[in-house]
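Contents: one structure, followed by commentary.
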Amino acid sequence: MLNEKKIRSIVRAVSWRILGTGVTFILVYFFTERADIAGMICGAEIIIKLILFCVHERVWARFTPGSRDGKSFVLWFTGLSGAGKSALADEVHDYLIQNRCKAARLDGDTVRAVFPDIGFTRNERNTHIQRVGYLASILEKNGVTVISSFVSPYAESRDFVRGLCRNFIEVFVDTPLAECERRDVKGLYKKARSGEIRNFTGIDDPYEPPVRPELTIRTENRTIAESAADVISYIKHYR
């Protein structure tokens, strides 16, 4: 159905309207035996139903699945490397797309692949998050729900992004450092421990946990699907 050509959709809608009006004409004529009355009722029905359909579509378009009052929002996943931010964000993003919500996905690794010269000092990280946050806020203002997953270790840059956005939902993926290291398929923690990588969050650079996040998710001993269900439940009822 989603791949249906526009002309086929139009023909299908028109044929259905003709069938419905034809049935109305037959029923009215059956009870009144007057073609003029049946014709007038069918004509009025077409006009009234067209108006009601336009109103219905405009009202329904204002209510997007998983958002507050049908408005877009920025869902910001923050946490240590290996906490499960990207996997969670992907799951939630897939849910929104499946429910026909306009959603964009921003991920730390993907963005840094486009801008590889961005450093890891505190100032560089703050600047990086502020730029990404500005992009997210622009998308949000244009009706796109943004699903972002960034370590974003410093409270000041996260607060900056919050100030840019109209509907900002901070999700703290609270996974213990030991569990993050255990999951470390890229070997980043090992390199940080050996000094091969500098300014690595959780090892030689601090992570400032959110004080009052909208949502805290603990992924230890839980599947991604279970954790994502908590986030989806929240955004479904987000008011």
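Ordering of the structure tokens sets the chain letters (A, B, ...); residue numbers start at 1 within each chain; ligands are numbered from 1 in the order shown.
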
DSSP strand (DSSP E or B) residues within range 101-232 of chain A, listed as number ranges by chain | A: 103-107, 145-149, 168-173, 201, 205, 215-217

Need to verify the contact set: Lys191 in chain A, 12 Å, only C-alpha atoms, exclusion of same-chain residues closer than 5 positions in sequence. Can you return it as an mmCIF file with C-alpha atoms, in the first residue's frame?
```
data_model
loop_
_atom_site.group_PDB
_atom_site.id
_atom_site.type_symbol
_atom_site.label_atom_id
_atom_site.label_comp_id
_atom_site.auth_asym_id
_atom_site.auth_seq_id
_atom_site.Cartn_x
_atom_site.Cartn_y
_atom_site.Cartn_z
ATOM 1 C CA GLU A 181 34.032 -2.368 29.030
ATOM 2 C CA ASP A 184 33.659 -3.225 24.110
ATOM 3 C CA VAL A 185 33.805 -4.942 20.703
ATOM 4 C CA LYS A 186 35.974 -2.157 19.241
ATOM 5 C CA GLU A 196 46.803 4.644 23.265
ATOM 6 C CA ILE A 197 43.643 6.790 23.257
ATOM 7 C CA ARG A 198 43.502 9.993 25.253
ATOM 8 C CA ASN A 199 40.509 11.937 26.612
ATOM 9 C CA PHE A 200 38.332 8.837 26.644
ATOM 10 C CA ILE A 203 38.707 6.527 31.813
ATOM 11 C CA ASP A 204 40.728 9.749 31.726
#
```

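Put simply, CA of Gly79 in chain A is 13.7 Å away from CA of Ser157 in chain A.
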
Identify, on the basis of only C-alpha atoms, every residue whose closest approach to Arg125 in chain A does not exceed 9 Å; exclude the query and any residue fewer than 3 positions from it along the same chain; express the result as a ChimeraX atom specification.
-> /A:118-122,128-130,152-154,157

Limited to C-alpha atoms, could you put the picked residues into a file as a short mmCIF file (atom, residue, chain, number, x, y, z; two decimals), in the first residue's frame?
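Generated file (part14.cif):
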```cif
data_model
loop_
_atom_site.label_atom_id
_atom_site.label_comp_id
_atom_site.auth_asym_id
_atom_site.auth_seq_id
_atom_site.Cartn_x
_atom_site.Cartn_y
_atom_site.Cartn_z
CA ILE A 118 36.64 16.98 15.30
CA GLY A 119 38.77 16.50 18.43
CA PHE A 120 38.02 15.15 21.88
CA THR A 121 39.02 17.95 24.21
CA ARG A 122 36.30 19.38 26.42
CA HIS A 128 30.54 19.43 18.44
CA ILE A 129 27.43 18.70 20.54
CA GLN A 130 26.24 22.29 20.22
CA SER A 152 27.67 14.01 25.15
CA PRO A 153 29.52 13.73 28.48
CA TYR A 154 29.17 17.31 29.72
CA SER A 157 26.46 21.13 26.20
#
```

Ile18 in chain A proximity check over A:Thr175, A:Thr219, A:Ile97, A:Glu45, using only C-alpha atoms: winner is A:Glu45

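Separating CA of Phe168 in chain A from CA of Glu214 in chain A is a distance of 8.7 Å.
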
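Picture a line from CA of Tyr95 in chain A to CA of Ser233 in chain A; it runs 11.2 Å.
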
Which residue out of A:Phe53, A:Phe73, A:Tyr234, A:Phe30 has the minimum interatomic distance to Lys141 in chain A when only C-alpha atoms are used?
-> A:Phe73

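Shortest separation to Ser148 in chain A among A:Leu75, A:Ile51, A:Val114, A:Ala192 occurs at residue A:Leu75, atoms counted being only C-alpha atoms.
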
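In terms of minimum interatomic distance to Arg182 in chain A, A:Ala83 ranks closest within A:Ala83, A:Leu96, A:Ile46, A:Ala155, counting only C-alpha atoms.
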
Residues of range 108-144 of chain A that have any atom at most 10 Å from an atom of range 162-166 of chain A: could you tabulate them with the shortest-distance atom pair and the distance in Å to one decimal, using only C-alpha atoms, ordered by chain and increasing number, as CSV?
```
residue,atom,partner,partner_atom,distance
A:Gln130,CA,A:Leu164,CA,9.3
A:Gly133,CA,A:Leu164,CA,7.3
A:Tyr134,CA,A:Leu164,CA,6.7
A:Leu135,CA,A:Leu164,CA,9.7
A:Ala136,CA,A:Cys165,CA,7.8
A:Ser137,CA,A:Cys165,CA,5.0
A:Ile138,CA,A:Cys165,CA,8.3
A:Leu139,CA,A:Cys165,CA,9.7
A:Glu140,CA,A:Cys165,CA,7.3
A:Lys141,CA,A:Arg166,CA,7.8
```

Once you have the residues from the selection above, write them out as a PDB file, in the first residue's frame, restricted to N, CA and C atoms.
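Wrote it out as out-v7.pdb, contents follow:
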```
ATOM      1  N   GLN A 130      27.041  21.090  20.475  1.00  0.00           N
ATOM      2  CA  GLN A 130      26.239  22.291  20.220  1.00  0.00           C
ATOM      3  C   GLN A 130      25.842  22.381  18.752  1.00  0.00           C
ATOM      4  N   GLY A 133      23.292  19.707  18.117  1.00  0.00           N
ATOM      5  CA  GLY A 133      22.049  20.127  18.753  1.00  0.00           C
ATOM      6  C   GLY A 133      21.323  21.188  17.949  1.00  0.00           C
ATOM      7  N   TYR A 134      22.075  22.083  17.349  1.00  0.00           N
ATOM      8  CA  TYR A 134      21.457  23.116  16.511  1.00  0.00           C
ATOM      9  C   TYR A 134      20.769  22.470  15.308  1.00  0.00           C
ATOM     10  N   LEU A 135      21.452  21.506  14.683  1.00  0.00           N
ATOM     11  CA  LEU A 135      20.844  20.781  13.556  1.00  0.00           C
ATOM     12  C   LEU A 135      19.569  20.080  13.999  1.00  0.00           C
ATOM     13  N   ALA A 136      19.631  19.420  15.160  1.00  0.00           N
ATOM     14  CA  ALA A 136      18.450  18.715  15.674  1.00  0.00           C
ATOM     15  C   ALA A 136      17.292  19.675  15.908  1.00  0.00           C
ATOM     16  N   SER A 137      17.591  20.852  16.444  1.00  0.00           N
ATOM     17  CA  SER A 137      16.534  21.827  16.725  1.00  0.00           C
ATOM     18  C   SER A 137      15.886  22.347  15.443  1.00  0.00           C
ATOM     19  N   ILE A 138      16.691  22.513  14.394  1.00  0.00           N
ATOM     20  CA  ILE A 138      16.146  22.968  13.102  1.00  0.00           C
ATOM     21  C   ILE A 138      15.217  21.907  12.529  1.00  0.00           C
ATOM     22  N   LEU A 139      15.647  20.656  12.576  1.00  0.00           N
ATOM     23  CA  LEU A 139      14.799  19.571  12.089  1.00  0.00           C
ATOM     24  C   LEU A 139      13.498  19.509  12.878  1.00  0.00           C
ATOM     25  N   GLU A 140      13.611  19.635  14.195  1.00  0.00           N
ATOM     26  CA  GLU A 140      12.419  19.583  15.054  1.00  0.00           C
ATOM     27  C   GLU A 140      11.441  20.695  14.705  1.00  0.00           C
ATOM     28  N   LYS A 141      11.954  21.900  14.509  1.00  0.00           N
ATOM     29  CA  LYS A 141      11.092  23.039  14.177  1.00  0.00           C
ATOM     30  C   LYS A 141      10.398  22.857  12.832  1.00  0.00           C
TER      31      LYS A 141
END
```

Could you go through range 151-196 of chain A and tell me which residues DSSP, when run on the backbone, assigns to helix (DSSP H, G or I), listing them as a PDB file with C-alpha atoms, in the first residue's frame?
```pdb
ATOM      1  CA  ALA A 155      26.025  18.756  31.262  1.00  0.00           C
ATOM      2  CA  GLU A 156      26.673  22.233  29.837  1.00  0.00           C
ATOM      3  CA  SER A 157      26.456  21.132  26.203  1.00  0.00           C
ATOM      4  CA  ARG A 158      23.376  18.973  26.837  1.00  0.00           C
ATOM      5  CA  ASP A 159      21.704  21.905  28.583  1.00  0.00           C
ATOM      6  CA  PHE A 160      22.623  24.094  25.621  1.00  0.00           C
ATOM      7  CA  VAL A 161      20.854  21.686  23.247  1.00  0.00           C
ATOM      8  CA  ARG A 162      17.839  21.531  25.563  1.00  0.00           C
ATOM      9  CA  GLY A 163      17.584  25.309  25.364  1.00  0.00           C
ATOM     10  CA  LEU A 164      17.514  25.178  21.560  1.00  0.00           C
ATOM     11  CA  LEU A 177      31.472   1.270  33.326  1.00  0.00           C
ATOM     12  CA  ALA A 178      32.426  -2.373  33.908  1.00  0.00           C
ATOM     13  CA  GLU A 179      29.540  -3.547  31.729  1.00  0.00           C
ATOM     14  CA  CYS A 180      30.462  -1.054  29.007  1.00  0.00           C
ATOM     15  CA  GLU A 181      34.032  -2.368  29.030  1.00  0.00           C
ATOM     16  CA  ARG A 182      32.759  -5.950  28.843  1.00  0.00           C
ATOM     17  CA  LEU A 188      38.374   1.290  22.730  1.00  0.00           C
ATOM     18  CA  TYR A 189      38.442   0.897  26.507  1.00  0.00           C
ATOM     19  CA  LYS A 190      41.503  -1.337  26.262  1.00  0.00           C
ATOM     20  CA  LYS A 191      43.284   1.294  24.174  1.00  0.00           C
ATOM     21  CA  ALA A 192      42.249   4.002  26.623  1.00  0.00           C
ATOM     22  CA  ARG A 193      43.525   1.966  29.564  1.00  0.00           C
ATOM     23  CA  SER A 194      46.869   1.516  27.839  1.00  0.00           C
TER      24      SER A 194
END
```

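Ranking A:Val151, A:Val74, A:Leu27, A:Ile7 by their shortest atom-to-atom distance to Asn126 in chain A, with only C-alpha atoms included, puts A:Val151 first.
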
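Here the question is which of A:Phe77, A:Cys42, A:Asp94, A:Ala35 gets nearest to Gly22 in chain A using only C-alpha atoms, and that residue is A:Cys42.
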